[in-house]
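Next up, query.cif (mmCIF, C-alpha atoms):
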data_coords
#
loop_
_atom_site.label_atom_id
_atom_site.label_comp_id
_atom_site.auth_asym_id
_atom_site.auth_seq_id
_atom_site.Cartn_x
_atom_site.Cartn_y
_atom_site.Cartn_z
CA MET A 1 0.00 0.00 0.00
CA THR A 2 1.39 3.39 -0.99
CA ARG A 3 1.42 6.24 1.50
CA LYS A 4 -1.59 8.56 1.33
CA ASN A 5 -0.88 12.13 0.36
CA PRO A 6 -3.06 14.50 2.42
CA GLU A 7 -2.47 17.42 0.04
CA ARG A 8 -3.74 15.40 -2.93
CA ARG A 9 -6.76 14.34 -0.87
CA GLN A 10 -7.52 17.98 -0.03
CA GLU A 11 -7.03 18.97 -3.68
CA LEU A 12 -9.60 16.37 -4.76
CA MET A 13 -12.05 17.63 -2.12
CA VAL A 14 -11.68 21.28 -3.18
CA ALA A 15 -12.21 20.39 -6.85
CA ALA A 16 -15.19 18.17 -6.00
CA GLN A 17 -16.81 20.85 -3.83
CA GLN A 18 -16.41 23.45 -6.58
CA LEU A 19 -17.92 21.07 -9.15
CA PHE A 20 -20.80 20.07 -6.85
CA TYR A 21 -21.68 23.72 -6.31
CA THR A 22 -21.47 24.72 -9.97
CA LYS A 23 -22.63 21.63 -11.94
CA GLY A 24 -24.69 20.14 -9.13
CA TYR A 25 -23.85 17.01 -7.14
CA GLU A 26 -25.95 14.71 -9.34
CA ASN A 27 -24.37 16.00 -12.55
CA THR A 28 -20.77 15.65 -11.35
CA SER A 29 -18.90 12.40 -12.07
CA VAL A 30 -15.67 11.02 -10.63
CA ASN A 31 -14.25 11.64 -14.12
CA ASP A 32 -15.05 15.36 -13.84
CA ILE A 33 -13.20 15.51 -10.53
CA ILE A 34 -10.03 13.75 -11.72
CA LYS A 35 -9.97 15.78 -14.93
CA THR A 36 -10.06 19.03 -12.92
CA VAL A 37 -7.22 17.93 -10.64
CA GLY A 38 -5.31 16.20 -13.44
CA VAL A 39 -4.87 12.81 -11.77
CA SER A 40 -5.71 9.21 -12.67
CA LYS A 41 -8.79 7.29 -11.56
CA GLY A 42 -6.48 5.12 -9.43
CA ALA A 43 -5.26 8.21 -7.56
CA PHE A 44 -8.87 9.16 -6.81
CA TYR A 45 -9.82 5.70 -5.55
CA HIS A 46 -6.65 5.64 -3.47
CA HIS A 47 -8.26 8.38 -1.34
CA PHE A 48 -12.01 7.83 -1.72
CA ASP A 49 -14.23 4.79 -2.27
CA SER A 50 -16.82 6.72 -4.27
CA LYS A 51 -18.30 10.11 -5.13
CA THR A 52 -20.45 9.77 -2.00
CA ALA A 53 -17.30 9.30 0.10
CA VAL A 54 -15.94 12.67 -1.14
CA LEU A 55 -19.30 14.24 -0.29
CA GLU A 56 -19.14 12.83 3.25
CA ALA A 57 -15.55 14.08 3.68
CA ILE A 58 -16.50 17.58 2.47
CA VAL A 59 -19.51 17.66 4.79
CA THR A 60 -17.40 16.58 7.77
CA GLN A 61 -14.86 19.27 6.99
CA ILE A 62 -17.51 22.00 6.71
CA ALA A 63 -19.02 20.92 10.04
CA GLU A 64 -15.57 20.96 11.68
CA GLN A 65 -14.97 24.51 10.40
CA VAL A 66 -18.35 25.68 11.71
CA VAL A 67 -17.62 24.22 15.14
CA ALA A 68 -14.06 25.60 15.26
CA ASN A 69 -15.52 29.09 14.78
CA LEU A 70 -17.81 28.60 17.77
CA GLN A 71 -15.69 26.63 20.20
CA ALA A 72 -13.39 29.47 21.26
CA ILE A 73 -16.40 31.57 22.30
CA ILE A 74 -18.28 28.70 23.93
CA ALA A 75 -15.20 27.83 26.01
CA ASP A 76 -14.70 31.45 27.15
CA GLU A 77 -15.30 31.30 30.90
CA THR A 78 -15.44 35.10 31.26
CA LEU A 79 -18.73 35.27 29.31
CA SER A 80 -22.09 34.46 30.86
CA ALA A 81 -24.71 32.59 28.79
CA ILE A 82 -26.73 35.42 27.22
CA PRO A 83 -23.73 37.58 26.14
CA LYS A 84 -22.17 34.34 24.87
CA TRP A 85 -25.21 33.66 22.68
CA GLN A 86 -25.15 37.25 21.44
CA LYS A 87 -21.47 36.91 20.54
CA VAL A 88 -22.08 33.65 18.67
CA ILE A 89 -24.85 35.33 16.66
CA GLN A 90 -22.71 38.42 16.01
CA ILE A 91 -19.71 36.40 14.79
CA SER A 92 -21.97 34.27 12.63
CA ASN A 93 -23.63 37.38 11.14
CA ASN A 94 -20.25 39.05 10.49
CA TRP A 95 -18.98 35.88 8.85
CA LYS A 96 -22.01 35.90 6.55
CA ILE A 97 -21.66 39.59 5.66
CA GLU A 98 -18.01 39.10 4.71
CA ARG A 99 -19.07 36.31 2.34
CA LYS A 100 -22.33 37.91 1.16
CA ALA A 101 -22.00 37.52 -2.63
CA GLU A 102 -20.53 34.03 -2.29
CA LEU A 103 -23.32 32.90 0.07
CA ILE A 104 -26.12 34.20 -2.14
CA GLU A 105 -24.67 32.25 -5.08
CA ALA A 106 -23.98 29.12 -2.98
CA ASN A 107 -27.54 29.25 -1.68
CA ARG A 108 -28.98 29.53 -5.18
CA LEU A 109 -27.01 26.46 -6.23
CA MET A 110 -27.84 24.50 -3.10
CA MET A 111 -31.56 25.04 -3.76
CA MET A 112 -31.30 23.13 -7.07
CA ASP A 113 -32.90 19.67 -7.05
CA GLU A 114 -29.53 18.31 -8.22
CA ASN A 115 -28.01 19.38 -4.90
CA VAL A 116 -30.67 18.18 -2.51
CA LEU A 117 -28.49 15.34 -1.14
CA LEU A 118 -25.49 17.66 -0.70
CA ARG A 119 -27.68 20.21 1.12
CA HIS A 120 -29.39 17.58 3.25
CA LYS A 121 -26.09 16.09 4.44
CA ILE A 122 -24.52 19.47 5.18
CA GLN A 123 -27.63 20.59 7.11
CA LEU A 124 -27.86 17.36 9.09
CA GLU A 125 -24.19 17.35 10.06
CA THR A 126 -23.83 21.07 10.84
CA ARG A 127 -27.08 21.09 12.82
CA LYS A 128 -25.87 18.13 14.85
CA VAL A 129 -22.48 19.64 15.75
CA VAL A 130 -23.85 23.14 16.30
CA ALA A 131 -26.66 21.73 18.48
CA ALA A 132 -24.00 20.08 20.67
CA GLU A 133 -22.26 23.47 21.13
CA MET A 134 -25.59 25.24 21.73
CA GLY A 135 -26.36 22.64 24.39
CA LYS A 136 -23.33 23.92 26.33
CA ILE A 137 -24.67 27.51 26.30
CA ILE A 138 -28.11 26.26 27.37
CA SER A 139 -26.61 24.31 30.29
CA GLN A 140 -24.62 27.35 31.35
CA GLY A 141 -27.76 29.53 31.18
CA VAL A 142 -29.68 27.02 33.29
CA ASP A 143 -26.86 27.07 35.88
CA GLU A 144 -26.97 30.87 35.85
CA ALA A 145 -30.79 30.76 36.18
CA VAL A 146 -31.33 32.95 33.09
CA PHE A 147 -32.80 30.00 31.14
CA ALA A 148 -35.49 27.60 32.31
CA VAL A 149 -34.96 24.38 30.36
CA GLU A 150 -35.51 20.82 31.50
CA HIS A 151 -34.47 18.81 28.42
CA VAL A 152 -31.21 20.51 27.45
CA GLU A 153 -30.02 18.32 24.53
CA GLU A 154 -33.45 17.99 22.97
CA THR A 155 -34.06 21.74 23.28
CA ALA A 156 -30.76 22.39 21.49
CA VAL A 157 -31.98 20.23 18.57
CA ILE A 158 -35.35 22.02 18.56
CA LEU A 159 -33.55 25.38 18.69
CA MET A 160 -31.55 24.50 15.57
CA ALA A 161 -34.76 23.50 13.79
CA VAL A 162 -36.37 26.83 14.75
CA ILE A 163 -33.40 28.89 13.59
CA SER A 164 -33.31 26.97 10.30
CA SER A 165 -37.08 26.97 9.83
CA PHE A 166 -37.15 29.65 7.15
CA ASN A 167 -33.92 28.65 5.40
CA ASP A 168 -35.58 26.55 2.74
CA VAL A 169 -37.66 29.42 1.43
CA ILE A 170 -35.36 32.40 1.71
CA VAL A 171 -31.70 33.12 1.16
CA ASP A 172 -30.96 33.46 4.82
CA LEU A 173 -32.37 34.60 8.12
CA LEU A 174 -30.60 37.90 7.36
CA LEU A 175 -33.05 38.52 4.55
CA ASN A 176 -35.98 37.32 6.57
CA PRO A 177 -38.58 39.82 7.74
CA ASP A 178 -39.76 37.14 10.19
CA GLN A 179 -36.63 37.30 12.31
CA TYR A 180 -38.65 38.68 15.24
CA ALA A 181 -40.89 35.63 15.17
CA VAL A 182 -37.74 33.49 15.37
CA GLN A 183 -36.26 35.60 18.17
CA THR A 184 -39.48 35.28 20.18
CA ALA A 185 -39.51 31.53 19.57
CA VAL A 186 -35.90 31.17 20.76
CA GLU A 187 -36.51 33.24 23.91
CA ARG A 188 -39.67 31.33 24.79
CA LEU A 189 -38.07 27.92 24.17
CA LEU A 190 -35.26 28.78 26.55
CA GLY A 191 -37.38 30.67 29.05
CA ALA A 192 -35.04 33.62 28.50
CA PRO A 193 -35.96 37.27 29.17
CA THR A 194 -37.88 38.96 26.34
CA GLY A 195 -35.56 40.87 24.01
CA SER A 196 -32.39 39.22 25.32
CA MET A 197 -31.63 36.98 22.36
CA PRO A 198 -31.64 38.94 19.09
CA ILE A 199 -30.98 37.04 15.88
CA ILE A 200 -29.91 40.14 14.05
CA ASP A 201 -29.04 43.79 14.78
CA ASP A 202 -29.52 47.00 12.77
CA ASP A 203 -25.83 47.26 11.80
CA THR A 204 -25.94 43.79 10.30
CA LEU A 205 -29.16 44.50 8.44
CA ILE A 206 -27.71 47.72 6.98
CA ALA A 207 -24.45 46.00 6.01
CA TRP A 208 -26.39 43.18 4.34
CA PHE A 209 -28.56 45.46 2.29
CA ASP A 210 -25.81 47.93 1.42
CA SER A 211 -24.20 47.58 -1.97
CA PRO A 212 -20.76 46.01 -1.74
CA MET B 1 -54.64 16.56 -29.12
CA THR B 2 -56.28 13.47 -27.68
CA ARG B 3 -58.40 13.69 -24.53
CA LYS B 4 -56.54 13.01 -21.28
CA ASN B 5 -57.67 9.98 -19.33
CA PRO B 6 -57.64 10.73 -15.58
CA GLU B 7 -57.73 7.04 -14.64
CA ARG B 8 -54.62 6.31 -16.70
CA ARG B 9 -52.91 9.32 -15.10
CA GLN B 10 -53.76 8.02 -11.63
CA GLU B 11 -52.56 4.53 -12.60
CA LEU B 12 -49.18 5.95 -13.66
CA MET B 13 -48.92 7.87 -10.39
CA VAL B 14 -49.71 4.81 -8.24
CA ALA B 15 -47.16 2.69 -10.11
CA ALA B 16 -44.53 5.45 -9.90
CA GLN B 17 -45.09 5.96 -6.18
CA GLN B 18 -44.75 2.22 -5.53
CA LEU B 19 -41.52 2.10 -7.58
CA PHE B 20 -40.09 5.24 -5.93
CA TYR B 21 -40.68 3.72 -2.49
CA THR B 22 -39.25 0.30 -3.31
CA LYS B 23 -36.44 0.94 -5.82
CA GLY B 24 -35.76 4.52 -4.77
CA TYR B 25 -36.60 7.65 -6.78
CA GLU B 26 -33.12 7.91 -8.32
CA ASN B 27 -33.11 4.28 -9.44
CA THR B 28 -36.54 4.42 -11.07
CA SER B 29 -36.78 5.26 -14.79
CA VAL B 30 -39.75 6.28 -16.92
CA ASN B 31 -39.29 2.88 -18.60
CA ASP B 32 -39.84 1.11 -15.25
CA ILE B 33 -43.08 3.03 -14.78
CA ILE B 34 -44.53 2.32 -18.22
CA LYS B 35 -43.51 -1.36 -18.00
CA THR B 36 -45.39 -1.72 -14.70
CA VAL B 37 -48.55 -0.11 -16.07
CA GLY B 38 -48.18 -1.74 -19.50
CA VAL B 39 -48.44 1.41 -21.61
CA SER B 40 -46.28 3.10 -24.26
CA LYS B 41 -43.79 5.90 -23.67
CA GLY B 42 -46.13 8.17 -25.65
CA ALA B 43 -48.95 7.42 -23.21
CA PHE B 44 -46.68 8.43 -20.32
CA TYR B 45 -45.58 11.69 -21.94
CA HIS B 46 -49.20 12.44 -22.79
CA HIS B 47 -49.76 12.88 -19.03
CA PHE B 48 -46.36 13.94 -17.66
CA ASP B 49 -43.42 15.91 -19.04
CA SER B 50 -40.83 13.97 -17.03
CA LYS B 51 -40.17 11.72 -14.03
CA THR B 52 -39.92 14.90 -11.92
CA ALA B 53 -43.41 15.91 -13.08
CA VAL B 54 -44.84 12.60 -11.74
CA LEU B 55 -43.01 13.24 -8.48
CA GLU B 56 -44.55 16.71 -8.20
CA ALA B 57 -48.03 15.33 -8.94
CA ILE B 58 -47.62 12.61 -6.27
CA VAL B 59 -46.40 15.14 -3.73
CA THR B 60 -49.32 17.48 -4.44
CA GLN B 61 -51.76 14.58 -4.03
CA ILE B 62 -50.22 13.50 -0.70
CA ALA B 63 -50.38 17.07 0.59
CA GLU B 64 -54.04 17.32 -0.48
CA GLN B 65 -54.87 14.12 1.38
CA VAL B 66 -53.11 15.34 4.54
CA VAL B 67 -55.06 18.60 4.46
CA ALA B 68 -58.39 16.88 3.71
CA ASN B 69 -57.91 14.85 6.92
CA LEU B 70 -57.45 18.03 8.92
CA GLN B 71 -59.88 20.46 7.33
CA ALA B 72 -63.07 18.94 8.72
CA ILE B 73 -61.73 19.31 12.28
CA ILE B 74 -60.24 22.76 11.72
CA ALA B 75 -63.56 24.01 10.33
CA ASP B 76 -65.56 22.59 13.27
CA GLU B 77 -66.98 25.68 15.00
CA THR B 78 -68.10 23.75 18.08
CA LEU B 79 -64.47 23.07 19.12
CA SER B 80 -62.28 25.65 20.86
CA ALA B 81 -58.60 25.91 19.96
CA ILE B 82 -56.95 23.60 22.50
CA PRO B 83 -59.41 20.68 22.16
CA LYS B 84 -59.14 21.20 18.40
CA TRP B 85 -55.35 20.81 18.55
CA GLN B 86 -55.76 17.72 20.73
CA LYS B 87 -58.20 16.23 18.22
CA VAL B 88 -55.85 16.91 15.31
CA ILE B 89 -53.03 15.16 17.19
CA GLN B 90 -55.29 12.25 18.16
CA ILE B 91 -56.55 11.69 14.62
CA SER B 92 -53.01 11.94 13.30
CA ASN B 93 -51.76 9.41 15.89
CA ASN B 94 -54.63 7.00 15.16
CA TRP B 95 -53.96 7.29 11.45
CA LYS B 96 -50.32 6.34 12.09
CA ILE B 97 -51.19 3.40 14.36
CA GLU B 98 -53.52 1.98 11.73
CA ARG B 99 -50.67 2.10 9.20
CA LYS B 100 -47.86 1.15 11.59
CA ALA B 101 -46.07 -1.57 9.60
CA GLU B 102 -46.48 0.34 6.35
CA LEU B 103 -45.12 3.56 7.88
CA ILE B 104 -42.05 1.90 9.40
CA GLU B 105 -41.19 0.45 6.00
CA ALA B 106 -41.96 3.69 4.12
CA ASN B 107 -39.79 5.58 6.60
CA ARG B 108 -36.89 3.17 6.13
CA LEU B 109 -37.09 3.65 2.36
CA MET B 110 -37.48 7.40 2.60
CA MET B 111 -34.28 7.62 4.63
CA MET B 112 -32.25 6.18 1.73
CA ASP B 113 -30.01 8.69 -0.06
CA GLU B 114 -31.76 7.66 -3.30
CA ASN B 115 -35.01 9.11 -1.93
CA VAL B 116 -33.75 12.37 -0.52
CA LEU B 117 -35.42 14.47 -3.24
CA LEU B 118 -38.73 12.61 -2.83
CA ARG B 119 -38.59 13.10 0.96
CA HIS B 120 -37.57 16.73 0.68
CA LYS B 121 -40.44 17.60 -1.65
CA ILE B 122 -43.03 15.73 0.40
CA GLN B 123 -41.83 17.40 3.62
CA LEU B 124 -41.74 20.87 2.09
CA GLU B 125 -45.21 20.59 0.59
CA THR B 126 -46.94 18.90 3.54
CA ARG B 127 -45.32 21.29 6.03
CA LYS B 128 -46.53 24.23 3.96
CA VAL B 129 -50.14 23.09 3.74
CA VAL B 130 -50.27 21.81 7.33
CA ALA B 131 -48.73 25.07 8.58
CA ALA B 132 -51.55 26.97 6.85
CA GLU B 133 -54.13 24.84 8.71
CA MET B 134 -52.22 25.16 12.00
CA GLY B 135 -52.24 28.93 11.51
CA LYS B 136 -56.06 28.80 11.69
CA ILE B 137 -55.95 27.02 15.08
CA ILE B 138 -53.36 29.51 16.35
CA SER B 139 -55.53 32.47 15.28
CA GLN B 140 -58.53 30.93 16.99
CA GLY B 141 -56.47 30.36 20.18
CA VAL B 142 -55.33 33.98 20.12
CA ASP B 143 -58.96 35.13 19.76
CA GLU B 144 -59.93 32.89 22.68
CA ALA B 145 -56.95 34.26 24.70
CA VAL B 146 -55.53 30.77 25.38
CA PHE B 147 -52.52 31.45 23.12
CA ALA B 148 -50.27 34.52 23.16
CA VAL B 149 -48.81 34.79 19.66
CA GLU B 150 -47.97 37.93 17.71
CA HIS B 151 -46.66 36.49 14.41
CA VAL B 152 -49.30 33.85 13.62
CA GLU B 153 -48.17 32.62 10.18
CA GLU B 154 -44.47 32.56 11.08
CA THR B 155 -45.18 30.75 14.34
CA ALA B 156 -47.12 28.10 12.41
CA VAL B 157 -44.03 27.51 10.21
CA ILE B 158 -41.79 27.37 13.30
CA LEU B 159 -44.24 24.97 14.97
CA MET B 160 -44.03 22.58 12.01
CA ALA B 161 -40.22 22.72 12.19
CA VAL B 162 -40.33 21.92 15.92
CA ILE B 163 -42.72 19.00 15.49
CA SER B 164 -40.56 17.62 12.67
CA SER B 165 -37.26 18.32 14.44
CA PHE B 166 -36.56 14.74 15.39
CA ASN B 167 -37.99 13.10 12.28
CA ASP B 168 -34.70 12.79 10.46
CA VAL B 169 -33.10 10.67 13.14
CA ILE B 170 -35.93 8.45 14.30
CA VAL B 171 -38.83 6.63 12.76
CA ASP B 172 -41.40 8.98 14.15
CA LEU B 173 -42.28 11.17 17.07
CA LEU B 174 -44.23 8.17 18.34
CA LEU B 175 -40.97 6.34 18.94
CA ASN B 176 -39.30 9.39 20.35
CA PRO B 177 -38.51 9.53 24.07
CA ASP B 178 -38.05 13.29 23.66
CA GLN B 179 -41.74 13.92 23.02
CA TYR B 180 -42.02 15.89 26.27
CA ALA B 181 -39.31 18.28 25.09
CA VAL B 182 -41.37 18.82 21.93
CA GLN B 183 -44.59 19.27 23.89
CA THR B 184 -42.93 21.87 26.13
CA ALA B 185 -41.56 23.65 23.05
CA VAL B 186 -44.99 23.76 21.41
CA GLU B 187 -46.69 25.09 24.56
CA ARG B 188 -44.05 27.76 25.09
CA LEU B 189 -44.08 28.86 21.44
CA LEU B 190 -47.82 29.37 21.61
CA GLY B 191 -47.88 30.74 25.14
CA ALA B 192 -50.34 27.93 25.95
CA PRO B 193 -50.96 26.52 29.47
CA THR B 194 -48.41 23.91 30.56
CA GLY B 195 -49.61 20.37 29.89
CA SER B 196 -52.41 21.48 27.55
CA MET B 197 -50.88 20.36 24.26
CA PRO B 198 -49.74 16.73 24.40
CA ILE B 199 -48.12 15.25 21.32
CA ILE B 200 -48.91 11.72 22.38
CA ASP B 201 -50.98 9.87 24.98
CA ASP B 202 -50.44 6.60 26.83
CA ASP B 203 -53.01 4.67 24.78
CA THR B 204 -51.22 5.62 21.59
CA LEU B 205 -47.83 4.68 23.01
CA ILE B 206 -49.12 1.28 24.13
CA ALA B 207 -50.82 0.64 20.78
CA TRP B 208 -47.64 1.62 18.94
CA PHE B 209 -45.39 -0.69 20.93
CA ASP B 210 -47.87 -3.59 21.05
CA SER B 211 -47.32 -6.39 18.60
CA PRO B 212 -49.77 -6.25 15.72
#

Would you write out, as structure tokens, the structure that this file holds?
Amino acid sequence: MTRKNPERRQELMVAAQQLFYTKGYENTSVNDIIKTVGVSKGAFYHHFDSKTAVLEAIVTQIAEQVVANLQAIIADETLSAIPKWQKVIQISNNWKIERKAELIEANRLMMMDENVLLRHKIQLETRKVVAAEMGKIISQGVDEAVFAVEHVEETAVILMAVISSFNDVIVDLLLNPDQYAVQTAVERLLGAPTGSMPIIDDDTLIAWFDSP
Amino acid sequence: MTRKNPERRQELMVAAQQLFYTKGYENTSVNDIIKTVGVSKGAFYHHFDSKTAVLEAIVTQIAEQVVANLQAIIADETLSAIPKWQKVIQISNNWKIERKAELIEANRLMMMDENVLLRHKIQLETRKVVAAEMGKIISQGVDEAVFAVEHVEETAVILMAVISSFNDVIVDLLLNPDQYAVQTAVERLLGAPTGSMPIIDDDTLIAWFDSP
């Protein structure tokens, strides 16, 4: 068995992700991927069993990146639960604003029927890992008596479903006039004080709607 | 143009649905469908533009059936909002118990990657139509002052997301030990009295776990 080259593996994943986004997952073949990278079929199968295996690897990597962005804040012991939530939201909103054009295009592509499996797997995996991080904030808030939640893990899963509830019909919560309905839902689910858990702020809204 | 035959159309849809469930949507071809029904390709394309068009027609029909089951109860002016919700849940649970074996198998098939588009479209369409019906109960509850909801339509969408939040990982809410987390979430979202909006009752649980 030859040694695996992690750079080649990453190169294949980057090419595959680009092709999935632009041509659609269903319309992309292993041949398309190896042609883009300029390697043989053998080199591909040295790293991945199938096109689905590349998809799974990409999804895992995206989920890891999402969590890495959150973990530093979640672990910050100087922040209490509600400011911690607000910081998570703020960082997530800033991240989206910086990638505005890219996200609008990625979203358009992800809404294609040809990408439903790609989207489904990314959603499932990121929701799962983000829910685990959110569970930590909920626990902390319960300890601090700012949240009233009995079923912490399950509420984290429900919370993710609520936050994502409008994602299938609109570009993003940022473009969603119903953000106050979502904010109310989040506060009620957690038993948090009214107005304490904004999903968006005016600066973010202005930045999103401003021309680049 | 020849006259369209609604019975033939329905026959094609029934055969397609059966094939989608058993072989998977991705693995089913138009040829498989016409072979099952015993008609020509021309006869198929007389009724549907493509395999996707049959899928859309099936999804619309399923959504119509779901709504038809609910509308009689929703329209019942003798029921106030909370008993109406309870009746909707009860009828839905009974419907599932009657089709237990069939639903477990359908769920297993729907969870296959090959059926992700089928599942996605059914979920999107049924959630949309059921949310519209749920919105009517929410409005009624607000009028009766048993619910405290400002954004009725948005809360109905969020409610559907909450109720479906565990569906991707387990067979059904009926098999879900986290049903009390969901019940609490629903009651809090609607500002309803604690304990007023069960998702399941003991009789249903027993019937579900009993051998057939």

Report summary line: With distances taken over all atoms listed in the file, the candidate from A:Lys128, A:Lys136, A:Arg99, A:His46 nearest chain B is A:Lys128

Requested in this report: Identify all chain B residues at most 9 Å from chain A by counting all atoms listed in the file; ligands do not count. Present them as a ChimeraX atom specification.
Outcome: /B:113-114,116-117,120,124,150-152,154-155,157-166,168,178,180-182,184-186,188-191

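Taking atom CA of A:Val30 as the reference point, atom CA of A:Tyr45 is found at 9.4 Å.
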
Given the file shown, enumerate the residues that the PyMOL selection byres ((chain B and resi 75-80) around 10) captures and present them as a short mmCIF file (atom, residue, chain, number, x, y, z; two decimals) with C-alpha atoms, in the frame of the given file.
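The resulting file, expr-v3.cif, is reproduced below:
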data_model
loop_
_atom_site.label_atom_id
_atom_site.label_comp_id
_atom_site.auth_asym_id
_atom_site.auth_seq_id
_atom_site.Cartn_x
_atom_site.Cartn_y
_atom_site.Cartn_z
CA LEU B 70 -57.45 18.03 8.92
CA GLN B 71 -59.88 20.46 7.33
CA ALA B 72 -63.07 18.94 8.72
CA ILE B 73 -61.73 19.31 12.28
CA ILE B 74 -60.24 22.76 11.72
CA ALA B 81 -58.60 25.91 19.96
CA ILE B 82 -56.95 23.60 22.50
CA PRO B 83 -59.41 20.68 22.16
CA LYS B 84 -59.14 21.20 18.40
CA TRP B 85 -55.35 20.81 18.55
CA LYS B 87 -58.20 16.23 18.22
CA GLU B 133 -54.13 24.84 8.71
CA LYS B 136 -56.06 28.80 11.69
CA ILE B 137 -55.95 27.02 15.08
CA GLN B 140 -58.53 30.93 16.99
CA GLY B 141 -56.47 30.36 20.18
CA GLU B 144 -59.93 32.89 22.68
CA VAL B 146 -55.53 30.77 25.38
#

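Each of B:Ala43, B:Ala131, B:Val88, B:Ala192 was compared to B:Ala148 using only C-alpha atoms, and B:Ala192 turns out to be the nearest.
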
Report summary line: As a check of understanding: the span from atom CA of B:Leu12 to atom CA of B:Asn107 is 22.3 Å

Query raised in the report: Evaluating the PyMOL selection byres ((chain A and resi 34-39) around 12) on the displayed file yields which residues, as a count of residues only?
Result: 29

Query - Point-to-point distance from atom CA of A:Ile58 to atom CA of A:Asn5, Å rounded to tenths - result: 16.7 Å

Requested in this report: Give me the residues within 10 Å of B:Val66 as a count of residues only, counting all atoms listed in the file and dropping any in the same chain fewer than 6 places off.
Outcome: 6

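Taking all atoms listed in the file into account, B:Gln183 lies nearest to B:Ile199 out of the set B:Ile89, B:Ile199, B:Met112, B:Ile62.
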
Would you mind writing stretch 98-113 of chain A with N, CA and C atoms, as a PDB file, in the frame of the given file?
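Written file, result-v6.pdb:
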ATOM      1  N   GLU A  98     -19.290  39.121   5.436  1.00  0.00           N
ATOM      2  CA  GLU A  98     -18.010  39.100   4.710  1.00  0.00           C
ATOM      3  C   GLU A  98     -18.086  38.231   3.450  1.00  0.00           C
ATOM      4  N   ARG A  99     -18.964  37.244   3.478  1.00  0.00           N
ATOM      5  CA  ARG A  99     -19.070  36.310   2.340  1.00  0.00           C
ATOM      6  C   ARG A  99     -20.399  36.469   1.597  1.00  0.00           C
ATOM      7  N   LYS A 100     -20.983  37.658   1.680  1.00  0.00           N
ATOM      8  CA  LYS A 100     -22.330  37.910   1.160  1.00  0.00           C
ATOM      9  C   LYS A 100     -22.573  37.388  -0.266  1.00  0.00           C
ATOM     10  N   ALA A 101     -21.778  37.875  -1.227  1.00  0.00           N
ATOM     11  CA  ALA A 101     -22.000  37.520  -2.630  1.00  0.00           C
ATOM     12  C   ALA A 101     -21.859  36.004  -2.814  1.00  0.00           C
ATOM     13  N   GLU A 102     -20.808  35.472  -2.222  1.00  0.00           N
ATOM     14  CA  GLU A 102     -20.530  34.030  -2.290  1.00  0.00           C
ATOM     15  C   GLU A 102     -21.687  33.204  -1.717  1.00  0.00           C
ATOM     16  N   LEU A 103     -22.238  33.650  -0.583  1.00  0.00           N
ATOM     17  CA  LEU A 103     -23.320  32.900   0.070  1.00  0.00           C
ATOM     18  C   LEU A 103     -24.611  32.938  -0.730  1.00  0.00           C
ATOM     19  N   ILE A 104     -24.905  34.091  -1.328  1.00  0.00           N
ATOM     20  CA  ILE A 104     -26.120  34.200  -2.140  1.00  0.00           C
ATOM     21  C   ILE A 104     -26.041  33.224  -3.315  1.00  0.00           C
ATOM     22  N   GLU A 105     -24.854  33.157  -3.947  1.00  0.00           N
ATOM     23  CA  GLU A 105     -24.670  32.250  -5.080  1.00  0.00           C
ATOM     24  C   GLU A 105     -24.703  30.791  -4.608  1.00  0.00           C
ATOM     25  N   ALA A 106     -24.002  30.493  -3.500  1.00  0.00           N
ATOM     26  CA  ALA A 106     -23.980  29.120  -2.980  1.00  0.00           C
ATOM     27  C   ALA A 106     -25.397  28.670  -2.637  1.00  0.00           C
ATOM     28  N   ASN A 107     -26.177  29.595  -2.061  1.00  0.00           N
ATOM     29  CA  ASN A 107     -27.540  29.250  -1.680  1.00  0.00           C
ATOM     30  C   ASN A 107     -28.410  28.939  -2.902  1.00  0.00           C
ATOM     31  N   ARG A 108     -28.212  29.752  -3.952  1.00  0.00           N
ATOM     32  CA  ARG A 108     -28.980  29.530  -5.180  1.00  0.00           C
ATOM     33  C   ARG A 108     -28.695  28.128  -5.728  1.00  0.00           C
ATOM     34  N   LEU A 109     -27.413  27.768  -5.715  1.00  0.00           N
ATOM     35  CA  LEU A 109     -27.010  26.460  -6.230  1.00  0.00           C
ATOM     36  C   LEU A 109     -27.513  25.325  -5.331  1.00  0.00           C
ATOM     37  N   MET A 110     -27.431  25.559  -4.032  1.00  0.00           N
ATOM     38  CA  MET A 110     -27.840  24.500  -3.100  1.00  0.00           C
ATOM     39  C   MET A 110     -29.346  24.237  -3.173  1.00  0.00           C
ATOM     40  N   MET A 111     -30.115  25.210  -3.659  1.00  0.00           N
ATOM     41  CA  MET A 111     -31.560  25.040  -3.760  1.00  0.00           C
ATOM     42  C   MET A 111     -31.971  24.223  -5.000  1.00  0.00           C
ATOM     43  N   MET A 112     -31.005  23.943  -5.883  1.00  0.00           N
ATOM     44  CA  MET A 112     -31.300  23.130  -7.070  1.00  0.00           C
ATOM     45  C   MET A 112     -31.614  21.688  -6.650  1.00  0.00           C
ATOM     46  N   ASP A 113     -32.569  21.065  -7.344  1.00  0.00           N
ATOM     47  CA  ASP A 113     -32.900  19.670  -7.050  1.00  0.00           C
ATOM     48  C   ASP A 113     -31.656  18.780  -7.126  1.00  0.00           C
TER      49      ASP A 113
END
